[in-house]
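**Student:** One structure, as structure tokens, below. Some questions next.
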Amino acid sequence: MKKLKFNYEIVILLILPIIIFFFKNPLVSWLEGDFENIYFIYNTLLTANYITPSVIDYPGNSSFSINSFFLKLVSFFDKSIIIDLKDITLSSDPVANFNKIYNYLKFLQLFYSLIAFICFYKIIIYFNADSKIALCISLLLLISNQYLDNIQRYRFDFESVTFYFISTFFLLYGSNYKKKILPFCISGFFLCMSLFSKILTLPLFLIIPALFYFKKYKSLNIFVKEILINRDSIIIFFTINLLMIFYSILNSFEIMYFISNN
């Protein structure tokens with residue numbers, strides 16, 4: 001009988017985001033942080049009450065729908081949660097109710113981030129990368145300023161990119177199986193979920209043809225050796241970074257942006 005191999009990389013990618021999440025999120029009030037808390041909770045409650053939000057800039061439909069379903073499921077077990085708009089207006093302590101809704105939605109955001117890191121790690125492994133290298137690249141995403149900023153606020157950015165990672169995961173791994181219809185359908189479903197959550201993820205899908213190219217011709221290592229660590233490329237790379245450093249000093253950018261973007 002084949003023994004199950006303990007994957008400590010997956011354990012790390014499950015534990016560290018949770019630690020960072022609780023360190024960065026005191027989860028005190030739904031009014032803390034950004035005005036977007038109010039914006040997203042309001043539109044989630046509208047969706048839960050079968051009212052179409054008049055959102056034109058996100059559009060956020062898939063996230064509002066999932067969040068409303070999640071709150072309905074939570075309210076079935078936690079009777080103190082009020083999601084009916086009429087009952088909320090008659091509530092004696094609506095602030096406490098909104099705080100509970102905010103906390104539950106933040107935990108859903110944590111769940112999204114865990115799924116995103118696992119999928120991202122698996123996508124790196126898809127290129128036959130060493131598990132330790134895949135872990136290090138995933139940790140760079142974890143400590144990036146973009147992640148640390150988004151995990152502190154209730155936003156749809158990480159939900160959308162999670163749907164993107166899931167879509168890409170099923171597309172890449174489904175291409176290796178004989179029965180491709182199911183994984184491709186799942187990939188297409190989460191593609192739509194990602195775009196209907198935040199349309200700005202669309203450019204990320206332009207990366208997919210390059211992913212198939214690197215996998216087919218096994219040229220990822222060649223790309224690293226001949227381009228990323230090529231002498232001429234390194235000169236250009238450091239020149240650009242030097243200009244970025246001066247630009248950041250003048251505009252008060254955080255140094256973490258250089259680490260994560262590089």
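To be explicit about the labels: the chains of the structure tokens are called A, B, and onward in the order shown, and within each one the residues are counted from 1, while ligands get numbers from 1 in the order they are shown.
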Using backbone DSSP assignments, extract all alpha helix (DSSP H) residues from range 22-253 of chain A; output them as a PyMOL selection string.

**Tutor:** chain A and resi 22-24+36-48+61-77+85-89+94-125+131-142+145-151+157-174+181-197+208-217+220-223+231-251

**Student:** Convert the current residue selection to file output with C-alpha atoms, as a short mmCIF file (atom, residue, chain, number, x, y, z; two decimals), in the first residue's frame.

**Tutor:**
data_model
loop_
_atom_site.label_atom_id
_atom_site.label_comp_id
_atom_site.auth_asym_id
_atom_site.auth_seq_id
_atom_site.Cartn_x
_atom_site.Cartn_y
_atom_site.Cartn_z
CA PHE A 22 -5.50 37.69 12.10
CA PHE A 23 -2.43 39.88 12.63
CA LYS A 24 -3.63 42.40 10.03
CA GLU A 36 -15.69 49.99 0.57
CA ASN A 37 -16.83 47.92 3.57
CA ILE A 38 -20.13 49.79 3.50
CA TYR A 39 -20.34 49.64 -0.29
CA PHE A 40 -19.87 45.86 -0.56
CA ILE A 41 -21.96 44.91 2.48
CA TYR A 42 -24.82 47.12 1.28
CA ASN A 43 -24.84 45.57 -2.20
CA THR A 44 -24.51 42.07 -0.74
CA LEU A 45 -27.59 42.67 1.41
CA LEU A 46 -29.46 44.00 -1.63
CA THR A 47 -28.65 40.79 -3.50
CA ALA A 48 -29.69 38.70 -0.50
CA ASN A 61 -22.28 40.30 -9.56
CA SER A 62 -20.69 36.93 -8.89
CA SER A 63 -19.20 38.08 -5.58
CA PHE A 64 -22.47 39.67 -4.42
CA SER A 65 -24.32 36.45 -5.30
CA ILE A 66 -21.86 34.17 -3.47
CA ASN A 67 -21.74 36.48 -0.45
CA SER A 68 -25.53 36.65 -0.22
CA PHE A 69 -25.81 32.86 -0.43
CA PHE A 70 -23.08 32.55 2.22
CA LEU A 71 -24.90 34.96 4.56
CA LYS A 72 -28.15 33.06 4.11
CA LEU A 73 -26.35 29.85 5.01
CA VAL A 74 -24.76 31.49 8.05
CA SER A 75 -28.07 32.99 9.21
CA PHE A 76 -29.57 29.50 9.15
CA PHE A 77 -27.13 28.45 11.90
CA LEU A 85 -33.75 44.75 5.09
CA LYS A 86 -37.04 45.37 6.90
CA ASP A 87 -35.85 43.49 9.97
CA ILE A 88 -32.57 45.44 9.91
CA THR A 89 -34.43 48.77 10.01
CA PRO A 94 -28.05 47.38 13.71
CA VAL A 95 -24.36 48.21 14.25
CA ALA A 96 -23.75 44.91 16.06
CA ASN A 97 -25.53 43.10 13.25
CA PHE A 98 -23.38 44.77 10.58
CA ASN A 99 -20.26 43.92 12.58
CA LYS A 100 -21.20 40.24 12.55
CA ILE A 101 -21.91 40.34 8.82
CA TYR A 102 -18.55 42.04 8.25
CA ASN A 103 -16.70 39.43 10.31
CA TYR A 104 -18.32 36.53 8.48
CA LEU A 105 -17.51 38.06 5.09
CA LYS A 106 -13.91 38.63 6.16
CA PHE A 107 -13.60 34.96 7.05
CA LEU A 108 -14.93 34.15 3.60
CA GLN A 109 -12.19 36.39 2.22
CA LEU A 110 -9.64 34.37 4.21
CA PHE A 111 -11.02 31.18 2.67
CA TYR A 112 -10.57 32.71 -0.80
CA SER A 113 -6.96 33.58 -0.06
CA LEU A 114 -6.17 30.03 1.09
CA ILE A 115 -7.65 28.57 -2.10
CA ALA A 116 -5.73 31.13 -4.18
CA PHE A 117 -2.36 30.21 -2.67
CA ILE A 118 -2.92 26.47 -3.13
CA CYS A 119 -3.93 26.95 -6.78
CA PHE A 120 -1.03 29.32 -7.41
CA TYR A 121 1.38 26.80 -5.89
CA LYS A 122 -0.05 24.00 -8.05
CA ILE A 123 0.21 26.15 -11.18
CA ILE A 124 3.93 26.64 -10.50
CA ILE A 125 4.33 22.87 -9.92
CA SER A 131 8.32 22.10 -4.72
CA LYS A 132 10.65 24.34 -2.69
CA ILE A 133 10.93 26.81 -5.58
CA ALA A 134 7.14 26.79 -5.98
CA LEU A 135 6.81 27.46 -2.24
CA CYS A 136 9.25 30.38 -2.37
CA ILE A 137 7.41 31.97 -5.31
CA SER A 138 4.10 31.52 -3.46
CA LEU A 139 5.59 33.14 -0.35
CA LEU A 140 6.63 36.14 -2.47
CA LEU A 141 2.97 36.56 -3.35
CA LEU A 142 2.08 36.21 0.32
CA ASN A 145 2.41 44.70 -0.64
CA GLN A 146 -0.60 44.10 -2.88
CA TYR A 147 -1.71 41.06 -0.87
CA LEU A 148 -1.04 42.66 2.51
CA ASP A 149 -3.02 45.72 1.44
CA ASN A 150 -6.02 43.78 0.11
CA ILE A 151 -6.26 41.34 3.02
CA ASP A 157 -9.76 41.97 -5.75
CA PHE A 158 -8.61 38.77 -4.11
CA GLU A 159 -11.90 37.03 -4.76
CA SER A 160 -11.55 37.80 -8.45
CA VAL A 161 -7.93 36.65 -8.65
CA THR A 162 -8.88 33.48 -6.74
CA PHE A 163 -11.44 32.66 -9.41
CA TYR A 164 -8.73 33.34 -12.00
CA PHE A 165 -6.28 30.94 -10.34
CA ILE A 166 -8.97 28.23 -10.10
CA SER A 167 -9.86 28.73 -13.77
CA THR A 168 -6.22 28.55 -14.85
CA PHE A 169 -5.57 25.51 -12.64
CA PHE A 170 -8.38 23.47 -14.21
CA LEU A 171 -7.44 24.64 -17.71
CA LEU A 172 -3.77 23.65 -17.37
CA TYR A 173 -4.27 20.35 -15.59
CA GLY A 174 -7.35 19.46 -17.63
CA ILE A 181 -14.80 18.41 -21.02
CA LEU A 182 -15.42 18.56 -17.25
CA PRO A 183 -12.22 20.42 -16.23
CA PHE A 184 -12.60 22.80 -19.19
CA CYS A 185 -16.21 23.52 -18.21
CA ILE A 186 -15.13 24.19 -14.61
CA SER A 187 -12.37 26.45 -15.93
CA GLY A 188 -14.84 28.39 -18.09
CA PHE A 189 -17.25 28.73 -15.19
CA PHE A 190 -14.62 30.30 -12.93
CA LEU A 191 -13.44 32.45 -15.84
CA CYS A 192 -16.91 33.98 -15.92
CA MET A 193 -16.95 34.23 -12.11
CA SER A 194 -13.66 36.13 -12.18
CA LEU A 195 -14.74 38.56 -14.91
CA PHE A 196 -18.14 39.18 -13.33
CA SER A 197 -16.44 39.86 -10.02
CA ILE A 208 -2.40 31.58 -20.48
CA PRO A 209 -1.04 31.08 -24.05
CA ALA A 210 2.46 31.73 -22.70
CA LEU A 211 1.89 29.12 -19.99
CA PHE A 212 1.01 26.47 -22.57
CA TYR A 213 4.06 27.45 -24.64
CA PHE A 214 6.46 27.06 -21.71
CA LYS A 215 4.93 23.71 -20.80
CA LYS A 216 4.93 22.30 -24.34
CA TYR A 217 8.49 23.22 -25.24
CA LEU A 220 10.76 27.94 -18.89
CA ASN A 221 14.31 27.11 -17.76
CA ILE A 222 15.67 28.38 -21.08
CA PHE A 223 13.67 31.58 -20.62
CA ARG A 231 24.11 39.90 -19.09
CA ASP A 232 22.37 42.47 -21.27
CA SER A 233 19.02 41.80 -19.62
CA ILE A 234 20.51 42.24 -16.16
CA ILE A 235 21.94 45.64 -17.14
CA ILE A 236 18.53 46.77 -18.40
CA PHE A 237 16.85 45.28 -15.31
CA PHE A 238 19.06 47.14 -12.84
CA THR A 239 18.81 50.37 -14.84
CA ILE A 240 15.01 50.23 -14.67
CA ASN A 241 15.13 49.43 -10.96
CA LEU A 242 17.50 52.31 -10.30
CA LEU A 243 15.08 54.68 -12.01
CA MET A 244 12.21 53.16 -10.01
CA ILE A 245 14.09 53.74 -6.75
CA PHE A 246 14.59 57.43 -7.51
CA TYR A 247 10.99 57.71 -8.60
CA SER A 248 9.80 56.06 -5.38
CA ILE A 249 11.90 58.40 -3.24
CA LEU A 250 10.33 61.40 -4.93
CA ASN A 251 6.79 59.99 -4.63
#

**Student:** Would you mind telling me which residue in A:Thr201, A:Arg155, A:Asp130, A:Tyr177 lies nearest to Glu9 in chain A when using only C-alpha atoms?

**Tutor:**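 Checking each of A:Thr201, A:Arg155, A:Asp130, A:Tyr177 against Glu9 in chain A, counting only C-alpha atoms, the winner is A:Asp130.
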